[in-house]
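Structure data follow from data_6.txt (compact mmCIF, C-alpha atoms):
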# COMPACT_ATOMS: atom_id res chain seq x y z
CA MET M 1 16.58 -2.17 -1.79
CA CYS M 2 15.40 -2.87 -5.32
CA ALA M 3 17.15 -4.33 -8.30
CA ALA M 4 18.50 -1.82 -10.76
CA ASN M 5 16.41 -3.24 -13.59
CA ARG M 6 13.13 -3.21 -11.67
CA LEU M 7 10.28 -1.42 -13.43
CA THR M 8 8.81 1.54 -11.51
CA VAL M 9 6.48 4.47 -12.09
CA LYS M 10 9.25 6.11 -14.14
CA ASP M 11 8.77 3.34 -16.70
CA LEU M 12 5.05 3.93 -17.23
CA TYR M 13 3.64 4.93 -20.61
CA TYR M 14 0.42 6.80 -21.33
CA ALA M 15 -1.74 6.52 -24.43
CA GLY M 16 -1.47 9.34 -26.97
CA GLN M 17 -3.15 9.78 -30.32
CA ASP M 18 -0.18 8.21 -32.07
CA GLY M 19 0.59 5.41 -29.62
CA TRP M 20 2.24 4.96 -26.24
CA HIS M 21 4.46 7.70 -24.78
CA LEU M 22 6.74 7.55 -21.75
CA LEU M 23 5.47 9.69 -18.87
CA PRO M 24 6.97 13.20 -18.80
CA GLY M 25 9.81 14.12 -16.47
CA TRP M 26 7.56 15.52 -13.73
CA ALA M 27 6.24 11.99 -13.10
CA SER M 28 9.77 10.90 -12.12
CA PHE M 29 9.73 13.53 -9.37
CA PHE M 30 6.66 11.99 -7.74
CA ALA M 31 8.13 8.53 -8.19
CA ALA M 32 11.28 9.69 -6.39
CA ALA M 33 9.23 11.14 -3.53
CA GLY M 34 7.30 7.87 -3.21
CA ASP M 35 10.53 5.88 -3.31
CA ALA M 36 12.09 8.00 -0.55
CA VAL M 37 9.24 7.68 1.96
CA ALA M 38 8.61 4.01 1.13
CA THR M 39 12.18 3.01 1.93
CA TYR M 40 12.65 5.28 4.96
CA ASN M 41 12.58 3.12 8.09
CA SER M 42 13.13 4.46 11.59
CA THR M 43 11.45 3.46 14.83
CA SER M 44 11.75 6.97 16.26
CA LEU M 45 11.69 9.32 13.26
CA ARG M 46 9.49 9.82 10.23
CA LEU M 47 10.25 11.46 6.90
CA ILE M 48 8.12 14.36 5.65
CA ILE M 49 8.28 15.53 2.02
CA GLY M 50 6.18 18.57 1.14
CA ALA M 51 5.61 20.01 -2.31
CA ALA M 52 3.80 23.06 -3.64
CA LEU M 53 2.48 22.20 -7.11
CA PRO M 54 1.04 24.12 -10.06
CA THR M 55 -1.59 21.34 -10.29
CA ARG M 56 -2.35 18.19 -8.32
CA ALA M 57 -3.38 16.00 -11.28
CA PHE M 58 -2.07 12.41 -10.84
CA SER M 59 0.59 13.52 -8.31
CA ALA M 60 -0.82 11.55 -5.35
CA ALA M 61 -1.80 8.58 -7.52
CA LEU M 62 1.70 8.24 -8.98
CA ALA M 63 3.46 8.74 -5.63
CA ALA M 64 1.20 6.15 -3.97
CA THR M 65 1.78 3.67 -6.79
CA GLU M 66 5.55 3.98 -6.35
CA ILE M 67 5.14 3.48 -2.59
CA VAL M 68 3.25 0.21 -3.15
CA ILE M 69 5.87 -0.98 -5.66
CA MET M 70 8.72 -0.34 -3.24
CA ARG M 71 6.91 -1.71 -0.17
CA SER M 72 6.00 -4.86 -2.13
CA ALA M 73 9.66 -5.41 -2.95
CA ILE M 74 10.55 -4.98 0.72
CA ALA M 75 7.76 -7.34 1.79
CA ARG M 76 8.92 -10.05 -0.61
CA THR M 77 12.49 -9.77 0.64
CA SER M 78 11.38 -9.98 4.28
CA SER M 79 9.08 -12.92 3.54
CA ALA M 80 11.80 -14.78 1.67
CA THR M 81 14.22 -14.45 4.60
CA GLY M 82 11.54 -15.00 7.26
CA SER M 83 12.67 -11.86 9.07
CA ASP M 84 9.17 -10.51 9.62
CA LEU M 85 7.21 -13.71 10.17
CA THR M 86 8.04 -14.27 13.84
CA ASN M 87 6.59 -10.89 14.82
CA ARG M 88 3.53 -11.48 12.64
CA PHE M 89 2.95 -14.90 14.22
CA ASP M 90 3.30 -13.52 17.76
CA GLU M 91 0.85 -10.74 16.90
CA LEU M 92 -1.72 -13.23 15.61
CA CYS M 93 -1.27 -15.44 18.67
CA SER M 94 -1.94 -12.44 20.93
CA MET M 95 -5.36 -11.87 19.35
CA ALA M 96 -8.44 -12.98 21.28
CA PRO M 97 -10.16 -16.28 20.38
CA GLY M 98 -12.97 -15.58 17.94
CA THR M 99 -11.05 -12.85 16.07
CA PRO M 100 -12.20 -13.04 12.43
CA VAL M 101 -9.53 -13.69 9.82
CA THR M 102 -9.12 -14.88 6.28
CA LEU M 103 -6.81 -17.78 5.49
CA LEU M 104 -5.08 -18.18 2.15
CA ASN M 105 -5.40 -21.82 1.13
CA ARG M 106 -2.64 -22.46 -1.39
CA ALA M 107 -3.33 -24.62 -4.43
CA GLY M 108 -1.35 -27.83 -4.51
CA ASN M 109 0.04 -27.38 -8.02
CA HIS M 110 -0.19 -24.03 -9.78
CA ALA M 111 1.32 -25.55 -12.92
CA THR M 112 -1.95 -27.44 -13.53
CA GLY M 113 -3.93 -24.19 -13.46
CA ALA M 114 -5.15 -24.67 -9.88
CA ARG M 115 -5.78 -21.39 -8.07
CA ASP M 116 -5.43 -20.24 -4.49
CA ARG M 117 -8.55 -19.66 -2.41
CA LYS M 118 -9.36 -17.50 0.57
CA LEU M 119 -11.26 -19.08 3.46
CA LYS M 120 -13.28 -17.29 6.13
CA GLY M 121 -12.16 -18.22 9.61
CA VAL M 122 -11.69 -17.27 13.25
CA ILE M 123 -8.73 -17.64 15.55
CA THR M 124 -9.39 -20.47 18.01
CA GLU M 125 -6.19 -20.75 20.01
CA CYS M 126 -2.42 -20.84 19.87
CA ALA M 127 -1.04 -24.14 21.15
CA VAL M 128 2.01 -26.39 21.00
CA VAL M 129 1.45 -29.29 18.59
CA HIS M 130 4.21 -31.84 17.99
CA GLU M 131 6.66 -29.62 19.86
CA GLU M 132 5.94 -26.63 17.64
CA LYS M 133 3.74 -23.65 18.39
CA ARG M 134 0.81 -23.46 15.98
CA LEU M 135 -2.09 -21.07 15.41
CA LYS M 136 -5.44 -22.86 15.11
CA ILE M 137 -7.86 -21.31 12.61
CA THR M 138 -11.44 -22.65 12.56
CA VAL M 139 -13.02 -22.33 9.12
CA ASP M 140 -16.50 -23.82 9.41
CA ALA M 141 -19.34 -24.25 11.89
CA GLY M 142 -18.59 -27.96 12.21
CA GLY M 143 -15.20 -27.29 13.70
CA GLY M 144 -13.01 -27.81 10.64
CA SER M 145 -9.70 -26.12 11.23
CA TYR M 146 -6.12 -25.54 10.09
CA LEU M 147 -2.95 -25.43 12.17
CA ILE M 148 -0.65 -22.67 10.97
CA ALA M 149 3.08 -22.57 11.74
CA ALA M 150 5.00 -19.32 12.16
CA LYS M 151 6.57 -19.64 8.70
CA ASP M 152 3.08 -19.69 7.16
CA SER M 153 1.64 -16.83 9.20
CA TRP M 154 1.72 -14.55 6.13
CA ARG M 155 -1.30 -16.56 4.90
CA VAL M 156 -3.48 -15.20 7.75
CA GLU M 157 -4.90 -11.69 7.88
CA PRO M 158 -7.47 -10.03 10.17
CA SER M 159 -10.89 -9.55 8.62
CA VAL M 160 -14.39 -8.30 9.40
CA PRO M 161 -16.77 -10.20 11.71
CA ARG M 162 -19.08 -12.72 10.00
CA ASN M 163 -20.70 -16.09 10.65
CA LEU M 164 -18.81 -19.16 9.51
CA PRO M 165 -20.57 -21.36 6.96
CA LYS M 166 -21.29 -25.03 7.59
CA ARG M 167 -18.89 -25.87 4.78
CA GLN M 168 -16.90 -23.70 2.43
CA THR M 169 -14.81 -24.11 -0.67
CA GLY M 170 -13.38 -20.61 -0.36
CA GLN M 171 -13.25 -17.59 -2.61
CA LEU M 172 -10.97 -17.89 -5.61
CA VAL M 173 -8.03 -15.48 -5.54
CA PRO M 174 -8.04 -13.65 -8.88
CA PRO M 175 -4.84 -13.81 -10.92
CA MET M 176 -2.57 -10.78 -10.79
CA LYS M 177 -3.28 -8.22 -13.50
CA ALA M 178 -0.68 -7.84 -16.27
CA LEU M 179 0.48 -4.35 -15.29
CA ALA M 180 0.79 -5.29 -11.62
CA ARG M 181 2.71 -8.44 -12.53
CA GLN M 182 5.28 -6.36 -14.41
CA LEU M 183 5.63 -3.62 -11.78
CA LEU M 184 5.55 -5.86 -8.71
CA GLY M 185 7.86 -8.41 -10.27
CA GLU M 186 5.76 -11.44 -9.36
CA ASP M 187 5.49 -13.11 -12.73
CA LYS M 188 5.88 -16.79 -11.81
CA PRO M 189 2.74 -18.90 -11.21
CA GLY M 190 2.11 -19.05 -7.49
CA ALA M 191 4.87 -16.55 -6.67
CA ALA M 192 2.45 -13.86 -5.55
CA GLN M 193 1.38 -13.79 -1.93
CA PRO M 194 -2.10 -12.21 -2.13
CA VAL M 195 -2.47 -11.02 1.44
CA SER M 196 -3.35 -7.51 2.53
CA ARG M 197 -0.97 -4.82 3.71
CA LEU M 198 -1.51 -1.13 4.33
CA ASP M 199 1.50 0.39 2.62
CA CYS M 200 -0.01 3.85 2.26
CA VAL M 201 -3.16 5.87 2.78
CA VAL M 202 -4.15 8.72 0.45
CA LEU M 203 -6.29 11.49 1.94
CA GLY M 204 -8.11 13.54 -0.69
CA ARG M 205 -11.17 13.73 -2.89
CA ALA M 206 -12.00 10.05 -3.34
CA SER M 207 -13.98 10.58 -6.55
CA GLN M 208 -11.11 12.51 -8.13
CA ILE M 209 -8.51 9.94 -7.13
CA GLY M 210 -10.84 7.16 -8.26
CA ARG M 211 -11.02 8.57 -11.77
CA GLU M 212 -7.23 8.70 -11.97
CA VAL M 213 -6.56 5.19 -10.72
CA LEU M 214 -9.57 3.37 -12.21
CA SER M 215 -10.32 5.02 -15.55
CA VAL M 216 -6.98 5.95 -17.12
CA GLU M 217 -4.96 3.26 -18.84
CA PHE M 218 -1.18 3.02 -18.50
CA ALA M 219 1.35 0.52 -19.80
CA VAL M 220 4.91 -0.73 -19.37
CA LYS M 221 7.16 -1.96 -22.13
CA THR M 222 8.35 -5.55 -21.72
CA THR M 223 11.79 -6.84 -22.67
CA GLY M 224 10.15 -8.23 -25.80
CA GLY M 225 9.03 -4.77 -26.86
CA GLU M 226 5.34 -5.39 -26.16
CA PHE M 227 3.12 -3.22 -23.95
CA GLU M 228 1.37 -4.65 -20.89
CA LYS M 229 -1.63 -2.44 -20.07
CA GLY M 230 -3.73 -1.73 -17.00
CA THR M 231 -4.74 0.90 -14.47
CA LEU M 232 -2.93 2.21 -11.40
CA GLN M 233 -5.52 0.43 -9.24
CA ASP M 234 -4.14 -2.89 -10.50
CA VAL M 235 -0.99 -2.03 -8.53
CA LEU M 236 -2.39 0.18 -5.76
CA ARG M 237 -5.24 -2.13 -4.81
CA ALA M 238 -6.87 0.64 -2.78
CA ARG M 239 -9.33 -0.96 -0.38
CA ARG M 240 -12.07 1.56 -1.27
CA PHE M 241 -12.12 0.22 -4.82
CA VAL M 242 -11.70 -3.55 -4.28
CA THR M 243 -14.59 -5.96 -3.73
CA CYS M 244 -15.45 -8.35 -0.91
CA ASP M 245 -12.39 -9.89 0.75
CA ALA M 246 -9.98 -9.07 -2.07
CA SER M 247 -6.51 -8.15 -0.85
CA PHE M 248 -5.51 -4.51 -0.60
CA TYR M 249 -2.22 -2.65 -0.38
CA SER M 250 -3.47 0.90 0.16
CA GLU M 251 -6.53 2.96 1.07
CA VAL M 252 -8.14 6.17 -0.17
CA LEU M 253 -10.00 8.19 2.46
CA ARG M 254 -12.41 11.09 1.99
CA VAL M 255 -11.44 14.26 3.80
CA ASP M 256 -14.63 16.30 3.54
CA GLY M 257 -17.03 14.10 5.50
CA SER M 258 -18.22 14.46 9.08
CA LYS M 259 -16.32 11.35 10.17
CA ALA M 260 -12.62 11.60 10.96
CA ALA M 261 -10.34 10.50 8.13
CA LYS M 262 -8.62 7.71 10.03
CA SER M 263 -7.85 4.12 9.16
CA PRO M 264 -10.97 1.95 9.61
CA SER M 265 -8.78 -0.93 10.76
CA GLY M 266 -6.76 1.22 13.13
CA ILE M 267 -3.57 0.17 11.36
CA MET M 268 -1.04 2.94 10.75
CA PRO M 269 0.33 2.84 7.19
CA HIS M 270 4.00 3.21 6.38
CA VAL M 271 3.18 6.41 4.45
CA THR M 272 0.33 8.93 4.48
CA VAL M 273 -0.15 10.93 1.27
CA PHE M 274 -2.08 14.19 1.69
CA ASP M 275 -3.61 15.03 -1.67
CA GLY M 276 -4.48 18.67 -1.16
CA ALA M 277 -4.83 21.27 1.56
CA ARG M 278 -8.13 20.21 3.09
CA GLY M 279 -7.07 16.77 4.26
CA PHE M 280 -3.78 18.09 5.62
CA LEU M 281 -5.42 20.91 7.58
CA ARG M 282 -8.22 18.78 9.03
CA TRP M 283 -6.61 15.43 9.76
CA ARG M 284 -2.82 15.65 9.94
CA HIS M 285 -2.90 15.14 13.71
CA LEU M 286 -4.21 11.56 13.19
CA TRP M 287 -1.24 10.41 11.10
CA ARG M 288 1.85 11.49 13.05
CA ASP M 289 3.23 7.97 13.34
CA SER M 290 3.77 7.56 9.58
CA ASN M 291 5.95 9.10 6.90
CA TRP M 292 4.25 11.91 4.97
CA VAL M 293 4.02 13.15 1.42
CA VAL M 294 2.17 16.49 1.46
CA LEU M 295 1.04 17.65 -2.00
CA LEU M 296 -0.47 21.14 -2.11
CA ASP M 297 -2.04 22.56 -5.28
CA ARG M 298 -1.33 26.29 -5.56
CA THR M 299 -4.64 26.85 -7.40
CA ALA M 300 -6.82 25.10 -4.82
CA PRO M 301 -8.68 26.69 -1.90
CA HIS M 302 -6.80 26.91 1.43
CA PHE M 303 -3.37 26.53 -0.20
CA ASP M 304 -1.85 29.44 1.74
CA GLU M 305 -3.26 28.16 5.03
CA ALA M 306 -1.95 24.64 4.42
CA ALA M 307 1.48 25.87 3.30
CA SER M 308 1.70 27.94 6.47
CA ALA M 309 0.70 24.92 8.59
CA LEU M 310 3.40 22.80 6.93
CA ASN M 311 6.01 25.49 7.55
CA THR M 312 4.91 25.70 11.18
CA ASP M 313 5.23 21.91 11.50
CA LEU M 314 8.76 22.12 10.12
CA ILE M 315 9.74 24.87 12.57
CA GLN M 316 8.17 23.22 15.63
CA ASN M 317 8.78 19.52 14.97
CA ARG M 318 11.82 19.20 12.70
CA VAL M 319 14.59 17.02 14.08
CA ASP M 320 16.81 17.50 11.05
CA ASP M 321 16.71 18.43 7.38
CA SER M 322 16.74 15.56 4.88
CA ASP M 323 18.70 15.37 1.63
CA VAL M 324 16.71 12.46 0.15
CA MET M 325 15.58 14.64 -2.77
CA LYS M 326 18.81 16.60 -3.32
CA ASP M 327 19.79 14.73 -6.50
CA ILE M 328 16.27 14.71 -7.99
CA PRO M 329 15.55 17.34 -10.66
CA VAL M 330 12.66 19.50 -9.47
CA PRO M 331 10.21 20.30 -12.30
CA PRO M 332 9.48 23.97 -13.03
CA GLY M 333 6.82 25.48 -10.79
CA ILE M 334 7.35 23.02 -7.92
CA GLU M 335 8.87 23.91 -4.54
CA ILE M 336 9.81 21.17 -2.08
CA MET M 337 10.96 20.61 1.49
CA ALA M 338 12.14 17.45 3.20
CA TYR M 339 12.81 16.92 6.90
CA THR M 340 12.51 14.37 9.69
CA ALA M 341 10.31 14.63 12.78
CA ALA M 342 9.62 12.47 15.82
CA ARG M 343 6.92 9.83 15.69
CA ARG M 344 3.85 10.47 17.85
CA LYS M 345 1.55 7.60 18.70
As structure tokens, the full file:
Amino acid sequence: MCAANRLTVKDLYYAGQDGWHLLPGWASFFAAAGDAVATYNSTSLRLIIGAALPTRAFSAALAATEIVIMRSAIARTSSATGSDLTNRFDELCSMAPGTPVTLLNRAGNHATGARDRKLKGVITECAVVHEEKRLKITVDAGGGSYLIAAKDSWRVEPSVPRNLPKRQTGQLVPPMKALARQLLGEDKPGAAQPVSRLDCVVLGRASQIGREVLSVEFAVKTTGGEFEKGTLQDVLRARRFVTCDASFYSEVLRVDGSKAAKSPSGIMPHVTVFDGARGFLRWRHLWRDSNWVVLLDRTAPHFDEAASALNTDLIQNRVDDSDVMKDIPVPPGIEIMAYTAARRK
């Protein structure tokens, strides 16, 4: 699915006292787990990878980052061939008039330094114009609108309700961060398609995950021998930590609140990452239509209960064992399982 020379989590460096050091071998294990679930596609089955760990530190963050990298590569391939745009266009056309959206307004010439903007809008109708079906998006109170063809439907994404302004210039789309540009492979001006996807959801302690993805600096080594630096959030773009209408690729959900840990948008991600026992025990029933990575810290409360629940799930719901991790070296102190189960909507 990905080019052999593509940079991934395995190519990340961390800052030591004497410079940059390649991540230790255990990081490659979590990258492999993220790779496996990100590329597993079945309409009837889902892939579950479970791991008992000596410590949870950075495990979910690294696995989720690899998932976003792989899903981004898949999304670019699908967009380039147009294979996913017809379904997306039909889905948008099925939405009720007045559904709030954002519209990516592409700059005419990126070479001049012009930047893309995001416009607030609502779906007005889907109609045939000049013998081609178009989606009409109204972007201001005066009736200003755009007609969007199926091939451009990737520029439209559902949004939150809000009043349209009388006139709008749009919100500038920020340039891709250096680390994300290297890992996502979108290094040409205007090549990035900054629209939202929900590649994965991480269920865990949001504050803990936030520290790992926002505060710790990583880097990749370029072909020129230089280091491009950034944080995992530059790649993850977890919706909890982005501002306003900025695009997102993932979400981090708290598991210890009174509200159910389910997707606010109702969209099921390709992968759900359970970072710890509590989220798995409380909310696993809400995510049975996605692939799973279940990461259980042996030193944390409720480990035994969660491990037992995962074993019970395997016994009751397993369709078949999976060998997706058979060639991956398992670091000392880690036990894993991998199996497929039926999707449940």
Taken to one decimal, the atom CA of M:Asp275-atom CA of M:Arg343 distance is 21.0 Å
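Atom CA of M:Arg237 is found 24.3 Å from atom CA of M:His21.
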One decimal place gives the atom CA of M:Thr340-atom CA of M:Arg46 separation as 5.5 Å
Handout entry: Expected residue set, 7 Å radius at (1.9, 13.0, -15.2), all atoms listed in the file, as number ranges by chain
Key = M: 23-24, 26-27, 58
Using the selection just defined, write its residues with C-alpha atoms as a compact mmCIF listing (two decimals), in the coordinates of the input.
# COMPACT_ATOMS: atom_id res chain seq x y z
CA LEU M 23 5.47 9.69 -18.87
CA PRO M 24 6.97 13.20 -18.80
CA TRP M 26 7.56 15.52 -13.73
CA ALA M 27 6.24 11.99 -13.10
CA PHE M 58 -2.07 12.41 -10.84
Distance query M:Val195 at most 7 Å, all atoms listed in the file, self and fewer than 4 positions along chain excluded, as a short mmCIF file (atom, residue, chain, number, x, y, z; two decimals) with C-alpha atoms, in the frame of the given file:
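The resulting file, part00.cif, is reproduced below:
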data_model
loop_
_atom_site.label_atom_id
_atom_site.label_comp_id
_atom_site.auth_asym_id
_atom_site.auth_seq_id
_atom_site.Cartn_x
_atom_site.Cartn_y
_atom_site.Cartn_z
CA ARG M 155 -1.30 -16.56 4.90
CA GLU M 157 -4.90 -11.69 7.88
CA SER M 247 -6.51 -8.15 -0.85
#
Please enclose the listed atoms of stretch 223-227 of chain M in an axis-aligned box, pad each side by 3 Å, and write out the centre and the three edge lengths in Å, rounded to one decimal, as lines of an AutoDock Vina configuration file.
center_x = 7.5
center_y = -5.7
center_z = -24.8
size_x = 14.7
size_y = 11.0
size_z = 10.2
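Closest approach to M:Leu253 among M:Gly266, M:Ala206, M:Leu232, M:Gly224: M:Ala206, based on only C-alpha atoms.
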Fill in: Contacts of M:Thr222 at 10 Å (all atoms listed in the file; same-chain gap of 6+ positions) as a PyMOL selection string
chain M and resi 7+182+228
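Among M:Leu22, M:Met268, M:Leu295, M:Ile137, the residue with the shortest atom-to-atom distance to M:Lys345, counting all atoms listed in the file, is M:Met268.
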Do you know which residues lie at most 8 Å from (-4.0, 22.1, -7.1), with coordinates as in the file and all atoms listed in the file counted, and could you write them as a short mmCIF file (atom, residue, chain, number, x, y, z; two decimals) with C-alpha atoms, in the frame of the given file?
data_model
loop_
_atom_site.label_atom_id
_atom_site.label_comp_id
_atom_site.auth_asym_id
_atom_site.auth_seq_id
_atom_site.Cartn_x
_atom_site.Cartn_y
_atom_site.Cartn_z
CA LEU M 53 2.48 22.20 -7.11
CA PRO M 54 1.04 24.12 -10.06
CA THR M 55 -1.59 21.34 -10.29
CA ARG M 56 -2.35 18.19 -8.32
CA ALA M 57 -3.38 16.00 -11.28
CA GLY M 276 -4.48 18.67 -1.16
CA LEU M 296 -0.47 21.14 -2.11
CA ASP M 297 -2.04 22.56 -5.28
CA ARG M 298 -1.33 26.29 -5.56
CA THR M 299 -4.64 26.85 -7.40
CA ALA M 300 -6.82 25.10 -4.82
#
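Taking all atoms listed in the file into account, M:Leu12 lies nearest to M:Thr65 out of the set M:Ser159, M:Thr102, M:Ser44, M:Thr65.
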**OP:** Can you pull out every residue within 7 Å of stretch 311-319 of chain M, counting only C-alpha atoms, but drop anything in the same chain fewer than 2 positions away, and send it as a ChimeraX atom specification?
**Re:** /M:307-309,339-342
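Around M:Ala63, within 8 Å and counting only C-alpha atoms, the residues found are Phe30, Ala31, Ala32, Ala33, Gly34 and Asp35 of chain M, once anything fewer than 6 positions away on its own chain is removed.
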Residues from last step as file, C-alpha atoms, as a PDB file, keeping the file's coordinate frame:
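File out12.pdb, as written:
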ATOM      1  CA  PHE M  30       6.660  11.990  -7.740  1.00  0.00           C
ATOM      2  CA  ALA M  31       8.130   8.530  -8.190  1.00  0.00           C
ATOM      3  CA  ALA M  32      11.280   9.690  -6.390  1.00  0.00           C
ATOM      4  CA  ALA M  33       9.230  11.140  -3.530  1.00  0.00           C
ATOM      5  CA  GLY M  34       7.300   7.870  -3.210  1.00  0.00           C
ATOM      6  CA  ASP M  35      10.530   5.880  -3.310  1.00  0.00           C
TER       7      ASP M  35
END
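Nearest residue to M:Arg167, choosing from M:Leu119, M:Ile209, M:Ala36, M:Leu104 and counting all atoms listed in the file: M:Leu119.
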